[in-house]
>>> print(open('coords10.pdb').read())   # PDB, C-alpha atoms and all ligand atoms
ATOM      1  CA  MET H 135      63.868 -34.666 -32.113
ATOM      2  CA  SER H 136      60.191 -33.642 -31.889
ATOM      3  CA  GLY H 137      58.106 -32.823 -34.950
ATOM      4  CA  GLN H 138      59.089 -29.624 -36.724
ATOM      5  CA  PHE H 139      56.989 -27.348 -38.879
ATOM      6  CA  ILE H 140      58.781 -25.914 -41.923
ATOM      7  CA  THR H 141      57.173 -23.528 -44.387
ATOM      8  CA  PHE H 142      58.228 -22.529 -47.892
ATOM      9  CA  GLU H 143      57.324 -19.018 -48.957
ATOM     10  CA  GLY H 144      57.964 -16.603 -51.797
ATOM     11  CA  GLY H 145      56.462 -15.225 -54.978
ATOM     12  CA  GLU H 146      55.136 -17.185 -57.933
ATOM     13  CA  GLY H 147      57.387 -19.347 -60.102
ATOM     14  CA  ALA H 148      60.276 -19.545 -57.644
ATOM     15  CA  GLY H 149      60.257 -23.351 -57.553
ATOM     16  CA  LYS H 150      58.903 -23.828 -54.029
ATOM     17  CA  THR H 151      56.756 -26.802 -54.902
ATOM     18  CA  THR H 152      59.572 -28.802 -56.508
ATOM     19  CA  GLN H 153      61.934 -27.942 -53.673
ATOM     20  CA  ALA H 154      59.429 -28.852 -50.955
ATOM     21  CA  LYS H 155      59.141 -32.307 -52.504
ATOM     22  CA  MET H 156      62.935 -32.673 -52.736
ATOM     23  CA  LEU H 157      63.330 -31.710 -49.078
ATOM     24  CA  ALA H 158      60.622 -34.172 -48.036
ATOM     25  CA  ASP H 159      62.459 -36.953 -49.917
ATOM     26  CA  THR H 160      65.772 -36.054 -48.278
ATOM     27  CA  LEU H 161      64.283 -36.028 -44.785
ATOM     28  CA  GLU H 162      62.447 -39.302 -45.392
ATOM     29  CA  ALA H 163      65.754 -40.879 -46.391
ATOM     30  CA  GLN H 164      66.882 -39.997 -42.834
ATOM     31  CA  GLY H 165      63.965 -41.960 -41.416
ATOM     32  CA  VAL H 166      61.907 -38.875 -40.584
ATOM     33  CA  GLU H 167      58.152 -39.090 -41.184
ATOM     34  CA  VAL H 168      57.275 -36.116 -43.403
ATOM     35  CA  ILE H 169      53.875 -34.695 -44.252
ATOM     36  CA  LEU H 170      54.101 -32.592 -47.400
ATOM     37  CA  THR H 171      51.226 -30.172 -47.745
ATOM     38  CA  ARG H 172      50.241 -26.809 -49.213
ATOM     39  CA  GLU H 173      48.164 -23.692 -48.680
ATOM     40  CA  PRO H 174      45.562 -22.637 -49.337
ATOM     41  CA  GLY H 175      44.521 -26.281 -48.980
ATOM     42  CA  GLY H 176      45.889 -29.427 -47.393
ATOM     43  CA  THR H 177      42.585 -30.768 -46.037
ATOM     44  CA  PHE H 178      39.276 -31.517 -47.741
ATOM     45  CA  GLY H 179      37.638 -28.363 -46.404
ATOM     46  CA  ALA H 180      40.616 -26.137 -47.085
ATOM     47  CA  GLU H 181      40.932 -27.426 -50.661
ATOM     48  CA  SER H 182      37.281 -26.405 -51.239
ATOM     49  CA  ILE H 183      38.069 -22.914 -49.983
ATOM     50  CA  ARG H 184      41.156 -22.881 -52.243
ATOM     51  CA  LYS H 185      38.922 -23.098 -55.319
ATOM     52  CA  LEU H 186      36.813 -20.181 -54.135
ATOM     53  CA  VAL H 187      39.774 -17.987 -53.481
ATOM     54  CA  LEU H 188      42.036 -18.746 -56.461
ATOM     55  CA  GLU H 189      39.503 -18.834 -59.282
ATOM     56  CA  GLY H 190      37.661 -15.962 -60.876
ATOM     57  CA  THR H 191      38.483 -12.344 -61.544
ATOM     58  CA  ASP H 192      40.978 -10.287 -59.626
ATOM     59  CA  ASP H 193      38.269  -8.184 -57.941
ATOM     60  CA  ARG H 194      36.191 -11.160 -56.805
ATOM     61  CA  TRP H 195      36.850 -10.650 -53.083
ATOM     62  CA  SER H 196      37.632  -7.643 -50.959
ATOM     63  CA  GLY H 197      40.965  -7.772 -49.174
ATOM     64  CA  MET H 198      39.442  -8.656 -45.797
ATOM     65  CA  THR H 199      37.109 -11.303 -47.241
ATOM     66  CA  GLU H 200      40.040 -12.906 -48.990
ATOM     67  CA  LEU H 201      42.048 -12.843 -45.769
ATOM     68  CA  LEU H 202      39.237 -14.485 -43.786
ATOM     69  CA  LEU H 203      38.885 -17.204 -46.417
ATOM     70  CA  MET H 204      42.625 -17.864 -46.173
ATOM     71  CA  TYR H 205      42.420 -18.098 -42.390
ATOM     72  CA  ALA H 206      39.325 -20.321 -42.474
ATOM     73  CA  ALA H 207      41.281 -22.686 -44.719
ATOM     74  CA  ARG H 208      44.390 -22.363 -42.532
ATOM     75  CA  LEU H 209      42.633 -23.147 -39.273
ATOM     76  CA  ASP H 210      41.096 -26.298 -40.740
ATOM     77  CA  HIS H 211      44.539 -27.276 -42.035
ATOM     78  CA  VAL H 212      46.232 -26.653 -38.682
ATOM     79  CA  GLU H 213      43.582 -28.389 -36.585
ATOM     80  CA  LYS H 214      43.071 -31.451 -38.751
ATOM     81  CA  LEU H 215      46.437 -32.097 -40.362
ATOM     82  CA  ILE H 216      49.380 -30.055 -39.085
ATOM     83  CA  LYS H 217      48.992 -30.246 -35.300
ATOM     84  CA  PRO H 218      48.113 -33.956 -35.191
ATOM     85  CA  ALA H 219      51.163 -34.726 -37.375
ATOM     86  CA  LEU H 220      53.513 -32.667 -35.183
ATOM     87  CA  GLU H 221      52.100 -34.258 -32.037
ATOM     88  CA  ARG H 222      53.017 -37.719 -33.243
ATOM     89  CA  GLY H 223      56.542 -36.526 -34.061
ATOM     90  CA  ALA H 224      56.232 -36.105 -37.836
ATOM     91  CA  TRP H 225      57.752 -33.151 -39.670
ATOM     92  CA  VAL H 226      55.416 -30.990 -41.715
ATOM     93  CA  VAL H 227      56.627 -29.193 -44.829
ATOM     94  CA  SER H 228      54.046 -26.728 -46.148
ATOM     95  CA  ASP H 229      54.191 -25.035 -49.524
ATOM     96  CA  ARG H 230      53.057 -21.580 -48.237
ATOM     97  CA  PHE H 231      51.566 -20.637 -44.872
ATOM     98  CA  SER H 232      50.739 -17.443 -42.963
ATOM     99  CA  ASP H 233      53.565 -15.300 -44.372
ATOM    100  CA  SER H 234      51.755 -15.543 -47.716
ATOM    101  CA  SER H 235      48.723 -13.884 -46.108
ATOM    102  CA  LEU H 236      50.952 -11.182 -44.695
ATOM    103  CA  ALA H 237      52.609 -10.568 -48.069
ATOM    104  CA  TYR H 238      49.621 -10.969 -50.410
ATOM    105  CA  GLN H 239      46.650  -9.764 -48.370
ATOM    106  CA  GLY H 240      48.595  -7.463 -46.022
ATOM    107  CA  TYR H 241      51.333  -5.732 -47.993
ATOM    108  CA  ALA H 242      49.925  -6.073 -51.515
ATOM    109  CA  ARG H 243      46.204  -5.681 -51.017
ATOM    110  CA  ASP H 244      45.818  -2.478 -49.007
ATOM    111  CA  LEU H 245      44.803  -4.157 -45.741
ATOM    112  CA  GLY H 246      48.202  -3.418 -44.275
ATOM    113  CA  PRO H 247      50.345  -5.877 -42.336
ATOM    114  CA  ASP H 248      48.983  -4.849 -38.923
ATOM    115  CA  ARG H 249      45.404  -5.925 -39.646
ATOM    116  CA  VAL H 250      46.662  -9.246 -41.000
ATOM    117  CA  ARG H 251      48.766  -9.780 -37.882
ATOM    118  CA  ALA H 252      45.706  -8.986 -35.731
ATOM    119  CA  VAL H 253      43.611 -11.674 -37.473
ATOM    120  CA  HIS H 254      46.560 -14.050 -37.352
ATOM    121  CA  ASP H 255      46.996 -13.661 -33.602
ATOM    122  CA  VAL H 256      43.309 -14.283 -32.872
ATOM    123  CA  VAL H 257      43.040 -17.343 -35.113
ATOM    124  CA  MET H 258      46.440 -18.988 -34.595
ATOM    125  CA  GLU H 259      46.879 -18.349 -30.853
ATOM    126  CA  GLY H 260      50.666 -18.387 -31.020
ATOM    127  CA  PHE H 261      50.969 -21.402 -33.313
ATOM    128  CA  GLY H 262      53.428 -20.995 -36.203
ATOM    129  CA  PRO H 263      56.325 -22.465 -38.150
ATOM    130  CA  ASP H 264      59.650 -23.432 -36.562
ATOM    131  CA  LEU H 265      61.519 -22.505 -39.730
ATOM    132  CA  THR H 266      60.470 -20.568 -42.829
ATOM    133  CA  LEU H 267      62.409 -20.501 -46.085
ATOM    134  CA  VAL H 268      61.661 -17.571 -48.378
ATOM    135  CA  PHE H 269      62.433 -18.277 -52.022
ATOM    136  CA  ASP H 270      63.750 -15.110 -53.523
ATOM    137  CA  MET H 271      64.339 -14.372 -57.169
ATOM    138  CA  ASP H 272      64.118 -11.659 -59.789
ATOM    139  CA  VAL H 273      60.455 -10.804 -60.474
ATOM    140  CA  TYR H 274      60.785 -10.721 -64.252
ATOM    141  CA  LEU H 275      62.439 -14.164 -64.301
ATOM    142  CA  SER H 276      59.860 -15.700 -62.008
ATOM    143  CA  LEU H 277      56.939 -14.360 -64.051
ATOM    144  CA  LYS H 278      58.546 -15.810 -67.196
ATOM    145  CA  ARG H 279      58.665 -19.178 -65.425
ATOM    146  CA  VAL H 280      54.983 -18.903 -64.480
ATOM    147  CA  GLU H 281      54.011 -18.152 -68.090
ATOM    148  CA  THR H 282      56.126 -21.001 -69.472
ATOM    149  CA  ARG H 283      54.711 -23.446 -66.945
ATOM    150  CA  ALA H 284      51.126 -22.413 -67.717
ATOM    151  CA  ALA H 285      51.727 -22.785 -71.466
ATOM    152  CA  GLN H 286      53.370 -26.210 -71.043
ATOM    153  CA  ASP H 287      50.740 -27.615 -68.700
ATOM    154  CA  ASP H 288      47.901 -25.825 -70.445
ATOM    155  CA  ALA H 289      46.997 -24.727 -66.920
ATOM    156  CA  ASP H 290      45.002 -21.644 -66.054
ATOM    157  CA  LEU H 291      46.798 -18.798 -64.338
ATOM    158  CA  THR H 292      45.450 -18.112 -60.837
ATOM    159  CA  ARG H 293      44.018 -14.720 -59.891
ATOM    160  CA  PHE H 294      47.393 -13.891 -58.370
ATOM    161  CA  ASP H 295      49.508 -14.977 -61.348
ATOM    162  CA  LYS H 296      47.561 -12.489 -63.463
ATOM    163  CA  ALA H 297      48.120  -9.504 -61.222
ATOM    164  CA  GLY H 298      51.091  -7.911 -63.023
ATOM    165  CA  GLN H 299      54.697  -7.036 -62.405
ATOM    166  CA  ALA H 300      54.153  -4.204 -59.883
ATOM    167  CA  PHE H 301      52.074  -6.504 -57.660
ATOM    168  CA  HIS H 302      54.772  -9.165 -57.755
ATOM    169  CA  THR H 303      57.495  -6.663 -56.957
ATOM    170  CA  THR H 304      55.483  -5.641 -53.892
ATOM    171  CA  ILE H 305      55.233  -9.310 -52.908
ATOM    172  CA  ARG H 306      58.964  -9.819 -53.241
ATOM    173  CA  ASP H 307      59.714  -6.758 -51.112
ATOM    174  CA  ALA H 308      57.141  -7.907 -48.551
ATOM    175  CA  PHE H 309      58.845 -11.270 -48.061
ATOM    176  CA  LEU H 310      62.243  -9.602 -47.757
ATOM    177  CA  ASP H 311      60.784  -7.311 -45.096
ATOM    178  CA  ILE H 312      59.262 -10.252 -43.212
ATOM    179  CA  ALA H 313      62.648 -12.013 -43.266
ATOM    180  CA  GLU H 314      64.371  -8.901 -41.965
ATOM    181  CA  LYS H 315      61.884  -8.574 -39.083
ATOM    182  CA  GLU H 316      62.156 -12.197 -37.951
ATOM    183  CA  PRO H 317      65.698 -13.312 -38.790
ATOM    184  CA  GLN H 318      65.630 -16.212 -36.316
ATOM    185  CA  ARG H 319      62.694 -17.957 -37.960
ATOM    186  CA  VAL H 320      62.883 -16.762 -41.570
ATOM    187  CA  LYS H 321      65.801 -17.494 -43.904
ATOM    188  CA  ILE H 322      66.127 -16.268 -47.481
ATOM    189  CA  ILE H 323      67.004 -18.818 -50.138
ATOM    190  CA  ASP H 324      68.377 -17.596 -53.450
ATOM    191  CA  ALA H 325      66.019 -19.415 -55.835
ATOM    192  CA  ASP H 326      67.962 -18.657 -59.013
ATOM    193  CA  GLY H 327      69.944 -21.746 -59.993
ATOM    194  CA  SER H 328      69.571 -25.405 -60.884
ATOM    195  CA  ARG H 329      67.263 -27.609 -58.829
ATOM    196  CA  GLN H 330      70.250 -29.282 -57.206
ATOM    197  CA  ALA H 331      71.951 -25.966 -56.416
ATOM    198  CA  VAL H 332      68.818 -24.605 -54.727
ATOM    199  CA  HIS H 333      68.274 -27.899 -52.891
ATOM    200  CA  ALA H 334      71.835 -27.680 -51.546
ATOM    201  CA  ARG H 335      71.131 -24.156 -50.256
ATOM    202  CA  ILE H 336      68.060 -25.473 -48.451
ATOM    203  CA  LEU H 337      70.015 -28.287 -46.837
ATOM    204  CA  ASN H 338      72.573 -25.726 -45.633
ATOM    205  CA  ALA H 339      69.828 -23.619 -44.059
ATOM    206  CA  LEU H 340      68.342 -26.713 -42.435
ATOM    207  CA  THR H 341      71.648 -27.881 -41.021
ATOM    208  CA  ALA H 342      72.313 -24.401 -39.627
ATOM    209  CA  ARG H 343      68.982 -24.584 -37.771
ATOM    210  CA  TYR H 344      69.231 -28.291 -36.830
ATOM    211  CA  PRO H 345      72.917 -29.045 -36.229
ATOM    212  CA  GLU H 346      72.053 -32.681 -35.460
ATOM    213  CA  PHE H 347      71.747 -33.163 -39.229
ATOM    214  CA  ALA H 348      75.286 -31.895 -39.895
ATOM    215  CA  GLY H 349      77.095 -34.208 -42.302
ATOM    216  CA  LYS H 350      74.006 -36.430 -42.673
ATOM    217  CA  LEU H 351      71.817 -34.743 -45.236
ATOM    218  CA  SER H 352      72.661 -35.476 -48.826
ATOM    219  CA  ALA H 353      70.628 -34.629 -51.897
ATOM    220  CA  ALA H 354      67.732 -36.992 -52.572
TER     221      ALA H 354
HETATM  222  P1  LIG D 401      49.526 -21.630 -56.212
HETATM  223  O1  LIG D 401      49.122 -21.921 -57.608
HETATM  224  O2  LIG D 401      49.647 -22.733 -55.230
HETATM  225  O3  LIG D 401      50.850 -20.746 -56.263
HETATM  226  P2  LIG D 401      52.347 -21.132 -56.039
HETATM  227  O4  LIG D 401      52.620 -22.402 -56.802
HETATM  228  O5  LIG D 401      53.089 -19.964 -56.547
HETATM  229  O6  LIG D 401      52.491 -21.322 -54.548
HETATM  230  O7  LIG D 401      48.515 -20.550 -55.674
HETATM  231  C1  LIG D 401      48.564 -20.051 -54.412
HETATM  232  C2  LIG D 401      48.243 -18.586 -54.524
HETATM  233  O8  LIG D 401      47.563 -18.148 -53.368
HETATM  234  C3  LIG D 401      49.480 -17.750 -54.665
HETATM  235  O9  LIG D 401      49.273 -16.825 -55.694
HETATM  236  C4  LIG D 401      49.563 -17.018 -53.351
HETATM  237  C5  LIG D 401      48.167 -16.974 -52.868
HETATM  238  N1  LIG D 401      48.025 -16.957 -51.400
HETATM  239  C6  LIG D 401      47.585 -15.814 -50.759
HETATM  240  O10 LIG D 401      47.322 -14.798 -51.415
HETATM  241  N2  LIG D 401      47.452 -15.803 -49.406
HETATM  242  C7  LIG D 401      47.716 -16.892 -48.652
HETATM  243  O11 LIG D 401      47.573 -16.858 -47.408
HETATM  244  C8  LIG D 401      48.168 -18.081 -49.315
HETATM  245  C9  LIG D 401      48.475 -19.317 -48.535
HETATM  246  C10 LIG D 401      48.303 -18.072 -50.699
END
>>> encode(input="coords10.pdb", output="structure tokens", more="lines below")
Ligand code: TYD
Amino acid sequence: MSGQFITFEGGEGAGKTTQAKMLADTLEAQGVEVILTREPGGTFGAESIRKLVLEGTDDRWSGMTELLLMYAARLDHVEKLIKPALERGAWVVSDRFSDSSLAYQGYARDLGPDRVRAVHDVVMEGFGPDLTLVFDMDVYLSLKRVETRAAQDDADLTRFDKAGQAFHTTIRDAFLDIAEKEPQRVKIIDADGSRQAVHARILNALTARYPEFAGKLSAA
């Protein structure tokens, strides 16, 4: 099978990062080369842009400026890491990708999804994920998880974590809308449950899309 590009999407605190790692481990156990990466970031240049865009006050950037920063980071990521990996047959698992721009900058930040899609089409020239898993869970529960994690790790909340419950409800609805519009590519994963339960749901979604894995994938 040729290299496949899988993205994990959803609101904050839904466990994407943990689950992306678990999926990478499971695929590697099948002898697949996996590149695990994230956005904004994934390359040296894109990680520098990540700092600019995630730190500071909520009103630091206008919606369009923020979108262009995300796409500058994304293009570097695609050109330098993602495409070369896919071309040599590796699988790429990315913790967030362009659907986050659609949800956060498009639906939630007044730009509107159409302007985000317009920028996307110019910059990405038809390139995109083969499969996208949207992690869906109750907004109140996910924000509780974000707060607990920040307190435990003594980590700073990002500009987006701080944006409030209404913002995060908009984000959740945006991802559900994206999934409804592109049911072939985008699958919803119920993110409420134990790590193993959610991992099992992901393996089911993967096997449905790649039947060659049927009966082969077991939890890492
Ligand atoms: P991060 O701490 O990685 O969040 P999470 O662990 O929830 O993925 O921060 C990434 C933040 O950047 C997150 O709040 C979503 C936001 N974001 C956008 O607004 N647009 C984008 O295109 C991307 C990739 C991320």
>>> closest_residue(input="coords10.pdb", among="H:Ile323, H:Leu351, H:Val257, H:Leu203", to="Gly165 (chain H)", atoms="all atoms listed in the file")
H:Leu351
>>> resolve_selection(input="coords10.pdb", expression="the PyMOL selection byres (((chain H and resi 230) around 12) and not hetatm)", output="VMD selection string")
chain H and resid 139 to 146 149 to 151 154 170 to 176 204 208 211 226 to 229 231 to 238 263 266 to 269 309
>>> resolve_selection(input="coords10.pdb", expression="the PyMOL selection byres (((chain H and resi 200-202) around 10) and not hetatm)", output="ChimeraX atom specification")
/H:186-188,194-199,203-208,235-236,238-240,243,245,249-250,253-254,257
>>> closest_residue(input="coords10.pdb", among="H:Ala148, H:Gln164, H:Leu157, H:Ala308", to="Asn338 (chain H)", atoms="all atoms listed in the file")
H:Leu157
>>> residues_around(input="coords10.pdb", residues="Val168 (chain H)", least_positions_apart="4", cutoff="10 Å", atoms="only C-alpha atoms", output="list in words")
Gly137, Gln138, Phe139, Leu157, Ala158, Asp159, Thr160, Leu161, Glu162, Ala219, Leu220, Gly223, Ala224, Trp225, Val226 and Val227 of chain H
>>> closest_residue(input="coords10.pdb", among="H:Arg222, H:Asp255, H:Ile312, H:Asp192", to="Leu209 (chain H)", atoms="all atoms listed in the file")
H:Asp255
>>> closest_residue(input="coords10.pdb", among="H:Lys155, H:Ile336, H:Tyr274, H:Asp210", to="Ser182 (chain H)", atoms="all atoms listed in the file")
H:Asp210
>>> axis_aligned_box(input="coords10.pdb", around="ligand LIG 401 (chain D)", padding_each_side="8 Å", output="lines of an AutoDock Vina configuration file")
center_x = 50.2
center_y = -18.8
center_z = -52.5
size_x = 21.8
size_y = 23.9
size_z = 26.2
>>> atom_distance(input="coords10.pdb", atom1="atom O7 of ligand LIG 401 (chain D)", atom2="CA of Thr292 (chain H)")
6.5 Å
